[in-house]
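Visitor: Input data.cif, format and content: mmCIF, C-alpha atoms.
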data_work
loop_
_atom_site.label_atom_id
_atom_site.label_comp_id
_atom_site.auth_asym_id
_atom_site.auth_seq_id
_atom_site.Cartn_x
_atom_site.Cartn_y
_atom_site.Cartn_z
CA MET Q 1 17.82 -15.56 26.20
CA MET Q 2 21.00 -14.40 24.50
CA ARG Q 3 21.40 -10.98 22.97
CA GLY Q 4 21.97 -10.96 19.23
CA HIS Q 5 21.33 -9.18 15.95
CA HIS Q 6 17.64 -8.92 15.11
CA LEU Q 7 15.94 -7.29 12.13
CA ASP Q 8 14.04 -4.24 13.36
CA THR Q 9 11.35 -2.89 11.03
CA ARG Q 10 9.33 -0.84 13.49
CA ILE Q 11 10.23 2.49 11.87
CA GLY Q 12 7.62 2.56 9.14
CA GLY Q 13 8.80 -0.79 7.78
CA HIS Q 14 12.34 0.42 7.08
CA PRO Q 15 14.72 -2.46 7.92
CA ARG Q 16 17.68 -2.04 10.22
CA TYR Q 17 19.55 -4.43 12.52
CA ALA Q 18 19.53 -3.97 16.29
CA TYR Q 19 21.81 -5.75 18.77
CA CYS Q 20 19.48 -6.62 21.64
CA HIS Q 21 17.19 -9.23 23.11
CA GLU Q 22 14.35 -10.08 20.76
CA TRP Q 23 11.77 -9.02 23.33
CA GLU Q 24 13.30 -5.54 23.37
CA LEU Q 25 11.96 -4.97 19.86
CA MET Q 26 8.51 -4.70 21.41
CA GLN Q 27 9.46 -1.47 23.17
CA ILE Q 28 8.94 1.99 21.74
CA PRO Q 29 11.98 2.63 19.51
CA PRO Q 30 14.21 5.65 20.21
CA GLU Q 31 13.31 7.27 16.88
CA ILE Q 32 9.84 8.04 18.23
CA LEU Q 33 11.44 10.17 20.96
CA LYS Q 34 14.52 11.44 19.15
CA CYS Q 35 12.62 12.85 16.18
CA VAL Q 36 10.76 15.19 18.56
CA CYS Q 37 11.78 18.75 19.51
CA TYR Q 38 10.08 21.75 21.08
CA VAL Q 39 8.92 24.99 19.46
CA GLU Q 40 9.78 28.16 21.34
CA VAL Q 41 8.31 31.50 20.26
CA ARG Q 42 9.19 35.09 21.07
CA GLU Q 43 6.71 37.85 21.66
CA GLY Q 44 8.50 41.10 22.37
CA SER Q 45 11.52 40.16 24.49
CA GLU Q 46 10.06 37.03 26.07
CA TRP Q 47 10.75 33.50 24.82
CA ARG Q 48 8.40 30.70 25.83
CA LEU Q 49 7.70 27.11 24.86
CA ASN Q 50 4.58 26.93 22.72
CA GLY Q 51 4.30 23.40 21.33
CA THR Q 52 6.03 20.45 19.73
CA ALA Q 53 7.59 19.72 16.34
CA PHE Q 54 9.17 16.63 14.84
CA LEU Q 55 11.84 15.95 12.23
CA VAL Q 56 11.27 14.02 9.02
CA GLY Q 57 13.69 13.11 6.25
CA LEU Q 58 12.96 13.01 2.52
CA PRO Q 59 15.59 11.46 0.19
CA LEU Q 60 17.20 13.86 -2.29
CA THR Q 61 17.14 12.27 -5.73
CA GLY Q 62 19.65 13.12 -8.43
CA VAL Q 63 22.67 13.84 -6.23
CA SER Q 64 25.94 12.39 -7.54
CA ARG Q 65 27.24 9.54 -5.39
CA ALA Q 66 30.65 11.16 -5.60
CA VAL Q 67 29.21 13.96 -3.44
CA GLU Q 68 27.01 12.14 -0.94
CA GLY Q 69 25.95 8.53 -0.48
CA GLU Q 70 22.43 8.96 0.95
CA PRO Q 71 21.51 12.66 0.75
CA MET Q 72 18.47 13.72 2.74
CA ALA Q 73 16.38 16.87 2.99
CA VAL Q 74 15.41 17.44 6.63
CA TYR Q 75 12.16 19.16 7.59
CA ALA Q 76 10.61 20.21 10.88
CA VAL Q 77 6.84 19.67 11.05
CA THR Q 78 4.32 21.21 13.44
CA ALA Q 79 0.73 22.36 13.68
CA LYS Q 80 0.42 25.77 12.02
CA HIS Q 81 -1.37 27.32 14.99
CA VAL Q 82 1.70 26.76 17.21
CA LEU Q 83 3.30 29.69 15.34
CA HIS Q 84 0.26 31.97 15.70
CA HIS Q 85 -0.53 34.42 18.46
CA GLY Q 86 -3.13 32.90 20.76
CA GLY Q 87 -2.98 29.62 18.87
CA GLN Q 88 -5.38 30.85 16.22
CA THR Q 89 -5.09 30.97 12.44
CA LEU Q 90 -6.39 34.48 11.81
CA ASP Q 91 -6.21 35.55 8.17
CA GLU Q 92 -4.16 34.85 5.07
CA ASP Q 93 -2.91 38.45 4.73
CA ASP Q 94 -1.15 38.36 8.10
CA PRO Q 95 -0.56 34.66 8.84
CA TRP Q 96 2.43 34.87 11.18
CA TRP Q 97 2.01 36.66 14.46
CA TYR Q 98 4.94 35.83 16.72
CA ASP Q 99 8.07 37.95 16.41
CA ASP Q 100 10.39 34.96 16.19
CA ALA Q 101 10.55 31.20 16.62
CA ARG Q 102 13.20 28.55 17.22
CA LEU Q 103 13.48 24.82 17.77
CA VAL Q 104 14.84 23.39 21.02
CA LEU Q 105 16.78 20.16 20.44
CA ASN Q 106 19.01 17.96 22.56
CA SER Q 107 22.76 18.20 22.02
CA ARG Q 108 25.23 15.34 22.09
CA SER Q 109 27.07 17.04 24.94
CA GLY Q 110 24.12 16.71 27.32
CA GLY Q 111 22.47 20.13 27.01
CA VAL Q 112 20.18 21.74 24.44
CA GLU Q 113 20.75 23.60 21.18
CA TYR Q 114 18.55 26.32 19.67
CA LEU Q 115 17.91 26.29 15.94
CA PRO Q 116 16.43 29.57 14.54
CA VAL Q 117 13.36 29.02 12.35
CA ARG Q 118 11.72 32.40 11.88
CA PRO Q 119 7.93 32.13 11.38
CA GLU Q 120 8.05 33.53 7.83
CA LEU Q 121 10.38 30.70 6.76
CA TRP Q 122 7.77 28.02 7.42
CA ALA Q 123 5.65 26.78 4.52
CA PRO Q 124 2.00 26.73 5.67
CA HIS Q 125 -0.56 24.39 4.18
CA PRO Q 126 -3.27 26.52 2.53
CA ALA Q 127 -6.15 24.37 3.79
CA SER Q 128 -4.79 22.58 6.86
CA ASP Q 129 -3.35 23.31 10.30
CA THR Q 130 0.04 22.10 9.07
CA ALA Q 131 3.39 23.80 8.51
CA VAL Q 132 6.88 22.58 7.57
CA VAL Q 133 10.30 24.20 7.26
CA ARG Q 134 13.53 22.83 5.82
CA ILE Q 135 16.43 22.91 8.25
CA ASP Q 136 20.12 22.08 8.37
CA ILE Q 137 21.00 20.01 11.43
CA PRO Q 138 24.34 20.92 13.09
CA PRO Q 139 26.63 17.97 13.98
CA ALA Q 140 26.20 18.74 17.71
CA ILE Q 141 22.49 17.79 17.66
CA ASP Q 142 21.41 14.38 18.99
CA PHE Q 143 18.48 13.42 16.79
CA MET Q 144 16.92 10.76 14.57
CA LEU Q 145 14.78 11.32 11.49
CA TRP Q 146 11.42 9.79 10.80
CA PRO Q 147 11.15 8.64 7.15
CA ALA Q 148 8.71 11.11 5.59
CA GLU Q 149 7.32 8.46 3.24
CA SER Q 150 6.39 6.04 6.06
CA TYR Q 151 2.93 7.21 6.99
CA VAL Q 152 -0.62 5.90 7.06
CA ASN Q 153 -2.04 6.57 3.61
CA THR Q 154 -5.15 5.28 1.83
CA GLU Q 155 -3.39 2.16 0.56
CA PHE Q 156 -2.06 1.32 4.02
CA PHE Q 157 -5.50 1.92 5.54
CA ALA Q 158 -7.16 -0.53 3.16
CA LYS Q 159 -4.41 -3.16 3.26
CA HIS Q 160 -4.44 -3.44 7.06
CA GLU Q 161 -8.20 -2.96 7.42
CA LEU Q 162 -7.81 -0.27 10.05
CA THR Q 163 -10.69 0.21 12.47
CA PRO Q 164 -11.42 2.34 15.53
CA GLY Q 165 -9.60 0.91 18.52
CA GLU Q 166 -6.16 0.78 16.89
CA GLU Q 167 -3.34 1.71 19.27
CA VAL Q 168 -1.81 5.18 18.99
CA ILE Q 169 1.40 6.65 20.45
CA VAL Q 170 1.81 10.41 20.96
CA THR Q 171 5.04 12.04 22.15
CA GLY Q 172 5.69 15.69 22.86
CA LEU Q 173 5.98 18.57 25.32
CA LEU Q 174 4.59 18.42 28.85
CA TRP Q 175 4.11 22.00 30.01
CA ALA Q 176 4.78 21.22 33.66
CA HIS Q 177 8.03 19.38 32.97
CA PRO Q 178 9.81 20.17 29.68
CA GLY Q 179 13.07 18.65 30.96
CA GLU Q 180 16.35 19.93 32.39
CA PRO Q 181 19.17 20.12 31.28
CA GLN Q 182 17.80 18.32 28.19
CA ILE Q 183 14.27 18.26 26.82
CA THR Q 184 12.32 15.18 27.90
CA PRO Q 185 9.30 14.49 25.67
CA ILE Q 186 6.56 12.45 27.28
CA VAL Q 187 4.80 9.47 25.70
CA ARG Q 188 1.03 9.04 25.77
CA VAL Q 189 -0.67 5.89 24.54
CA GLY Q 190 -4.31 5.64 23.48
CA HIS Q 191 -6.58 4.36 20.73
CA VAL Q 192 -8.26 5.60 17.59
CA ALA Q 193 -11.72 6.79 18.58
CA SER Q 194 -13.00 7.48 15.07
CA PHE Q 195 -12.03 7.75 11.41
CA PRO Q 196 -14.64 10.39 10.46
CA ILE Q 197 -15.64 10.52 6.82
CA ASP Q 198 -16.79 14.14 7.21
CA ARG Q 199 -14.77 17.22 8.11
CA VAL Q 200 -14.22 17.88 11.81
CA ASN Q 201 -14.87 21.37 13.20
CA LEU Q 202 -11.55 22.32 14.81
CA ASP Q 203 -10.71 25.62 16.50
CA THR Q 204 -8.56 26.43 13.44
CA GLY Q 205 -11.35 25.60 11.00
CA PRO Q 206 -13.02 22.46 9.60
CA GLU Q 207 -10.82 19.80 8.01
CA GLY Q 208 -10.38 16.07 7.72
CA ALA Q 209 -9.00 14.59 10.93
CA VAL Q 210 -8.66 11.37 12.90
CA LEU Q 211 -10.02 11.39 16.45
CA ILE Q 212 -7.96 9.58 19.07
CA GLU Q 213 -8.67 8.73 22.69
CA VAL Q 214 -5.75 10.61 24.24
CA LEU Q 215 -6.09 13.46 26.72
CA SER Q 216 -4.41 16.45 25.06
CA PHE Q 217 -3.12 19.79 26.33
CA GLY Q 218 -1.42 22.80 24.75
CA GLY Q 219 2.13 21.47 24.72
CA LEU Q 220 1.20 18.46 22.59
CA SER Q 221 0.08 20.64 19.67
CA GLY Q 222 2.32 19.76 16.72
CA SER Q 223 3.35 16.40 18.19
CA PRO Q 224 3.60 13.32 15.99
CA ALA Q 225 0.95 10.66 16.45
CA PHE Q 226 2.01 7.12 15.51
CA LEU Q 227 -0.24 4.21 14.68
CA HIS Q 228 1.05 1.06 16.39
CA LEU Q 229 0.12 -2.29 14.87
CA GLY Q 230 0.51 -5.24 17.22
CA ASP Q 231 1.89 -8.69 16.48
CA PHE Q 232 -1.41 -10.29 15.50
CA ARG Q 233 -4.52 -9.23 13.67
CA ARG Q 234 -7.60 -10.98 12.32
CA GLU Q 235 -8.81 -10.95 8.75
CA ASN Q 236 -12.09 -9.34 7.74
CA HIS Q 237 -11.87 -6.44 10.20
CA GLY Q 238 -11.28 -8.66 13.20
CA ARG Q 239 -13.90 -11.30 12.38
CA GLY Q 240 -11.74 -13.74 10.41
CA ASP Q 241 -8.81 -16.04 11.03
CA LEU Q 242 -5.84 -15.03 13.13
CA LEU Q 243 -2.86 -13.93 11.08
CA THR Q 244 0.68 -12.83 11.86
CA LEU Q 245 1.85 -9.50 10.52
CA ASP Q 246 4.73 -9.74 8.09
CA GLY Q 247 6.05 -7.85 5.10
CA PRO Q 248 6.60 -4.12 5.56
CA THR Q 249 5.61 -4.05 9.25
CA GLY Q 250 7.94 -6.85 10.36
CA PRO Q 251 7.40 -9.73 12.77
CA THR Q 252 7.02 -7.56 15.89
CA GLY Q 253 4.49 -5.12 14.51
CA GLY Q 254 5.35 -1.58 13.44
CA ASN Q 255 4.87 2.10 14.05
CA TRP Q 256 3.65 4.34 11.25
CA LEU Q 257 3.15 8.09 11.26
CA LEU Q 258 -0.57 8.78 11.58
CA GLY Q 259 -0.36 12.57 11.61
CA ILE Q 260 0.03 15.77 13.63
CA VAL Q 261 -1.67 16.34 16.98
CA GLN Q 262 -3.90 19.36 16.48
CA GLY Q 263 -5.64 19.74 19.82
CA GLY Q 264 -8.24 18.43 22.24
CA PHE Q 265 -11.96 19.01 22.52
CA GLU Q 266 -13.52 20.71 25.50
CA GLU Q 267 -16.88 20.04 27.06
CA HIS Q 268 -19.21 23.04 27.01
CA PRO Q 269 -20.57 23.28 30.56
CA THR Q 270 -24.22 23.95 31.22
CA ASN Q 271 -23.18 26.46 33.85
CA PRO Q 272 -21.41 29.38 32.08
CA GLU Q 273 -19.44 30.18 35.23
CA SER Q 274 -17.88 26.72 35.55
CA ALA Q 275 -14.56 25.83 33.90
CA ARG Q 276 -14.42 23.88 30.67
CA ARG Q 277 -13.20 20.30 30.85
CA ASN Q 278 -11.17 18.37 28.30
CA VAL Q 279 -13.27 15.44 27.11
CA GLY Q 280 -10.21 13.26 26.41
CA ILE Q 281 -10.57 13.21 22.62
CA THR Q 282 -7.79 14.68 20.49
CA SER Q 283 -7.80 15.51 16.80
CA VAL Q 284 -4.95 14.40 14.52
CA ILE Q 285 -4.27 16.01 11.15
CA PRO Q 286 -3.54 13.18 8.66
CA ALA Q 287 0.10 12.82 7.60
CA ALA Q 288 -1.05 13.12 3.98
CA ARG Q 289 -1.16 16.91 4.54
CA ILE Q 290 2.57 16.81 5.31
CA ASP Q 291 3.18 14.84 2.12
CA GLU Q 292 1.20 17.41 0.12
CA LEU Q 293 3.39 20.21 1.46
CA LEU Q 294 6.67 18.36 0.93
CA HIS Q 295 5.76 17.63 -2.69
CA SER Q 296 4.39 21.09 -3.42
CA GLU Q 297 5.95 22.94 -6.35
CA GLN Q 298 7.73 25.41 -4.07
CA LEU Q 299 9.47 22.82 -1.89
CA ALA Q 300 10.23 20.55 -4.85
CA GLU Q 301 12.01 23.46 -6.57
CA GLU Q 302 13.98 24.20 -3.39
CA ARG Q 303 15.15 20.58 -3.22
CA GLN Q 304 16.18 20.67 -6.88
CA GLU Q 305 18.28 23.76 -6.17
CA ILE Q 306 19.98 21.86 -3.34
CA VAL Q 307 20.66 18.92 -5.67
CA ASP Q 308 22.15 21.27 -8.29
CA ARG Q 309 24.40 22.95 -5.73
CA LYS Q 310 25.61 19.63 -4.40
CA ASN Q 311 26.36 18.33 -7.90
CA GLU Q 312 28.34 21.48 -8.68
CA SER Q 313 30.77 20.47 -5.93
CA ALA Q 314 31.26 16.98 -7.40
CA PRO Q 315 34.83 16.21 -8.56
CA LYS Q 316 35.22 16.83 -12.30
CA THR Q 317 37.03 14.30 -14.53
CA ARG Q 318 39.70 15.95 -16.63
CA ARG Q 319 41.96 14.65 -19.38
CA ALA Q 320 45.58 14.74 -18.29
CA SER Q 321 47.48 17.52 -20.02
CA VAL Q 322 50.96 17.10 -21.50
CA SER Q 323 53.45 19.92 -21.37
CA VAL Q 324 54.69 20.56 -24.91
CA GLY Q 325 56.82 23.12 -26.66
CA LYS Q 326 55.39 25.92 -28.72
CA ASP Q 327 55.68 24.09 -32.03
CA GLU Q 328 55.29 20.52 -30.76
CA PRO Q 329 51.92 18.83 -31.42
CA THR Q 330 49.93 17.57 -28.42
CA GLU Q 331 49.33 13.85 -27.85
CA PHE Q 332 45.76 14.28 -29.05
CA GLY Q 333 47.05 16.13 -32.11
CA ARG Q 334 49.37 13.24 -32.99
CA PHE Q 335 46.49 10.79 -32.66
CA GLU Q 336 44.30 12.99 -34.85
CA ASP Q 337 47.00 13.19 -37.55
CA LEU Q 338 47.53 9.43 -37.50
CA THR Q 339 43.79 8.79 -37.81
CA GLY Q 340 43.57 11.20 -40.71
CA ASP Q 341 46.46 9.49 -42.53
CA LEU Q 342 44.82 6.07 -42.12
CA LEU Q 343 41.52 7.34 -43.51
CA LYS Q 344 43.31 8.61 -46.61
CA VAL Q 345 44.91 5.23 -47.37
CA PRO Q 346 42.93 3.07 -49.87
CA LYS Q 347 41.66 -0.21 -48.38
CA LYS Q 348 43.85 -2.47 -50.59
CA GLU Q 349 47.05 -0.59 -49.68
CA LEU Q 350 46.03 -0.67 -46.01
CA ASP Q 351 45.49 -4.46 -46.12
CA ASP Q 352 48.88 -4.96 -47.80
CA LYS Q 353 50.56 -2.78 -45.18
CA LEU Q 354 48.94 -4.73 -42.32
CA ARG Q 355 50.14 -8.06 -43.88
CA GLU Q 356 53.68 -6.68 -44.18
CA ASP Q 357 53.62 -5.64 -40.54
CA LYS Q 358 52.49 -9.12 -39.45
CA GLY Q 359 55.13 -10.79 -41.64
#
Kindly transcribe the structure held in the file into structure tokens.
Guide:
Amino acid sequence: MMRGHHLDTRIGGHPRYAYCHEWELMQIPPEILKCVCYVEVREGSEWRLNGTAFLVGLPLTGVSRAVEGEPMAVYAVTAKHVLHHGGQTLDEDDPWWYDDARLVLNSRSGGVEYLPVRPELWAPHPASDTAVVRIDIPPAIDFMLWPAESYVNTEFFAKHELTPGEEVIVTGLLWAHPGEPQITPIVRVGHVASFPIDRVNLDTGPEGAVLIEVLSFGGLSGSPAFLHLGDFRRENHGRGDLLTLDGPTGPTGGNWLLGIVQGGFEEHPTNPESARRNVGITSVIPAARIDELLHSEQLAEERQEIVDRKNESAPKTRRASVSVGKDEPTEFGRFEDLTGDLLKVPKKELDDKLREDKG
């Protein structure tokens, strides 16, 4: 089979062309890996990896095209507890516990770059284990953005008749092997275990969550979880006729942001002296919490300030000036005098003058 240009819509339905074999479109796209970075925190003088974050892009509306063609506000997203001492959300009066934090991202030169993101700069969700921070990406960083608006929302859920058993992709930090000299996020694949209609009791408090069948560990906290729709589905929640996915998900299926990996559940042993065991079920904070933060009044005002600053740098159109002597009228002055003279001429005299000029 020959390589060629194929329409790739796996990134949340956003179309782009890829030069490859058609079967290659079935693989996990690079955006799922390249939007991921690590969160490193400092306590005292010691830096250590503490979880995962991922990068999303939200279009900036209102920016003059003379300044920037497709302006984008870039945000890092993670689970809020990744920035807390001991992984716990303690109280609202003292929400940030680590002395400092930074993102670890791959560089284009083959190493890593550190991007400072102090804990107090993050915007925490008031009722969810979710936090975001706006960042400026240096040119040296090798990254891809996930479209912030391409996530599993209520409309998407109903349209595609989602059920437990849907495939899920998680990518993030593996404690035992973060990667050297560049970070190397791992990929875990599982299924949706449950779409609970009630709030789930998490170690950071009860909240709405999706439960997925993926064995989790500390480093995956803050990782993105993607819902993967295959090539074929059946109508009526799997009971009806076979249909081929088309439209926003594309002919090869698609990947949509499901949410943020919050953490795994542990089995409570009957013997108090025995170690707890991870039961293989992980909670995912719905991506709608990210959307709520990004469209909060505070972040919306920050984006508007960015738009205003960008527009201030737009080239201004100016009327060409004519150098004239002290007593000489300007070109605009001559035009103004001529217009005034014409307005003072009665209509009949003006018509006669125009006929004379034509004759």
Visitor: Residues picked by the PyMOL selection byres ((chain Q and resi 172) around 12) here, as a compact mmCIF listing (two decimals) with C-alpha atoms, keeping the file's coordinate frame?
Guide:
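Contents of part.txt, as written:
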# COMPACT_ATOMS: atom_id res chain seq x y z
CA ILE Q 32 9.84 8.04 18.23
CA LEU Q 33 11.44 10.17 20.96
CA LYS Q 34 14.52 11.44 19.15
CA CYS Q 35 12.62 12.85 16.18
CA VAL Q 36 10.76 15.19 18.56
CA CYS Q 37 11.78 18.75 19.51
CA TYR Q 38 10.08 21.75 21.08
CA VAL Q 39 8.92 24.99 19.46
CA LEU Q 49 7.70 27.11 24.86
CA ASN Q 50 4.58 26.93 22.72
CA GLY Q 51 4.30 23.40 21.33
CA THR Q 52 6.03 20.45 19.73
CA ALA Q 53 7.59 19.72 16.34
CA PHE Q 54 9.17 16.63 14.84
CA THR Q 78 4.32 21.21 13.44
CA ILE Q 169 1.40 6.65 20.45
CA VAL Q 170 1.81 10.41 20.96
CA THR Q 171 5.04 12.04 22.15
CA LEU Q 173 5.98 18.57 25.32
CA LEU Q 174 4.59 18.42 28.85
CA TRP Q 175 4.11 22.00 30.01
CA HIS Q 177 8.03 19.38 32.97
CA PRO Q 178 9.81 20.17 29.68
CA GLY Q 179 13.07 18.65 30.96
CA ILE Q 183 14.27 18.26 26.82
CA THR Q 184 12.32 15.18 27.90
CA PRO Q 185 9.30 14.49 25.67
CA ILE Q 186 6.56 12.45 27.28
CA VAL Q 187 4.80 9.47 25.70
CA ARG Q 188 1.03 9.04 25.77
CA VAL Q 189 -0.67 5.89 24.54
CA SER Q 216 -4.41 16.45 25.06
CA PHE Q 217 -3.12 19.79 26.33
CA GLY Q 218 -1.42 22.80 24.75
CA GLY Q 219 2.13 21.47 24.72
CA LEU Q 220 1.20 18.46 22.59
CA SER Q 221 0.08 20.64 19.67
CA GLY Q 222 2.32 19.76 16.72
CA SER Q 223 3.35 16.40 18.19
CA PRO Q 224 3.60 13.32 15.99
CA ALA Q 225 0.95 10.66 16.45
CA PHE Q 226 2.01 7.12 15.51
CA ILE Q 260 0.03 15.77 13.63
CA VAL Q 261 -1.67 16.34 16.98
Visitor: For range 288-293 of chain Q, find every residue with an atom within 10 Å (counting only C-alpha atoms), except residues of its own chain fewer than 2 positions away, and show them as a count of residues only.
Guide: 34
Visitor: Please measure the separation of CA of Arg65 in chain Q and CA of Pro138 in chain Q, giving the value in Å to one decimal.
Guide: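 We find that CA of Arg65 in chain Q and CA of Pro138 in chain Q lie 21.9 Å from each other.
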Visitor: Rounded to one decimal in Å, what is the spacing between CA of Gly190 in chain Q and CA of Glu213 in chain Q?
Guide: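 Interatomic distance here is 5.4 Å.
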Visitor: Figure out the distance between CA of Gly110 in chain Q and CA of Pro30 in chain Q, please, to one decimal in Å.
Guide: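 It comes out at 16.5 Å.
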Visitor: Please give the centre and size of the box around range 134-139 of chain Q (axis-aligned, containing every atom listed in the file, 8 Å added per side), with values in Å to one decimal and written as AutoDock Vina command-line options.
Guide:
--center_x 20.1 --center_y 20.4 --center_z 9.9 --size_x 29.1 --size_y 20.9 --size_z 24.2
Visitor: Smallest atom-to-atom distance to Gln262 in chain Q: which of Q:Lys80, Q:Arg42, Q:Arg199, Q:Lys159, using only C-alpha atoms?
Guide: Q:Lys80
Visitor: Decode the PyMOL selection byres ((chain Q and resi 107) around 8) for the given file into explicit residues and return them as a short mmCIF file (atom, residue, chain, number, x, y, z; two decimals) with C-alpha atoms, keeping the file's coordinate frame.
Guide:
data_model
loop_
_atom_site.label_atom_id
_atom_site.label_comp_id
_atom_site.auth_asym_id
_atom_site.auth_seq_id
_atom_site.Cartn_x
_atom_site.Cartn_y
_atom_site.Cartn_z
CA LEU Q 105 16.78 20.16 20.44
CA ASN Q 106 19.01 17.96 22.56
CA ARG Q 108 25.23 15.34 22.09
CA SER Q 109 27.07 17.04 24.94
CA GLY Q 110 24.12 16.71 27.32
CA GLY Q 111 22.47 20.13 27.01
CA VAL Q 112 20.18 21.74 24.44
CA GLU Q 113 20.75 23.60 21.18
CA ALA Q 140 26.20 18.74 17.71
CA ILE Q 141 22.49 17.79 17.66
CA ASP Q 142 21.41 14.38 18.99
CA GLN Q 182 17.80 18.32 28.19
#
Visitor: So which one's closest to Ser194 in chain Q, Q:Val307, Q:Val82, Q:Ile137, Q:Ala209? Using only C-alpha atoms, please.
Guide: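 Smallest distance to Ser194 in chain Q is found for Q:Ala209.
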Visitor: Let me make sure I understand: among Q:Ala287, Q:Ile135, Q:Leu211, Q:Leu229, which one has the smallest atom-to-atom distance to Val74 in chain Q if we use all atoms listed in the file?
Guide: Q:Ile135
Visitor: Give me the residues within 6 Å of Val214 in chain Q as a list of chain:residue names, counting all atoms listed in the file and dropping any in the same chain fewer than 2 places off.
Guide: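 The contact residues come out as Q:Gly190, Q:Ile212, Q:Gly280, Q:Ile281, Q:Thr282.
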Visitor: Convert the output of the PyMOL selection byres ((chain Q and resi 310) around 12) on the shown file into explicit residues, formatted as a ChimeraX atom specification.
Guide: /Q:60-69,71-72,303-309,311-315
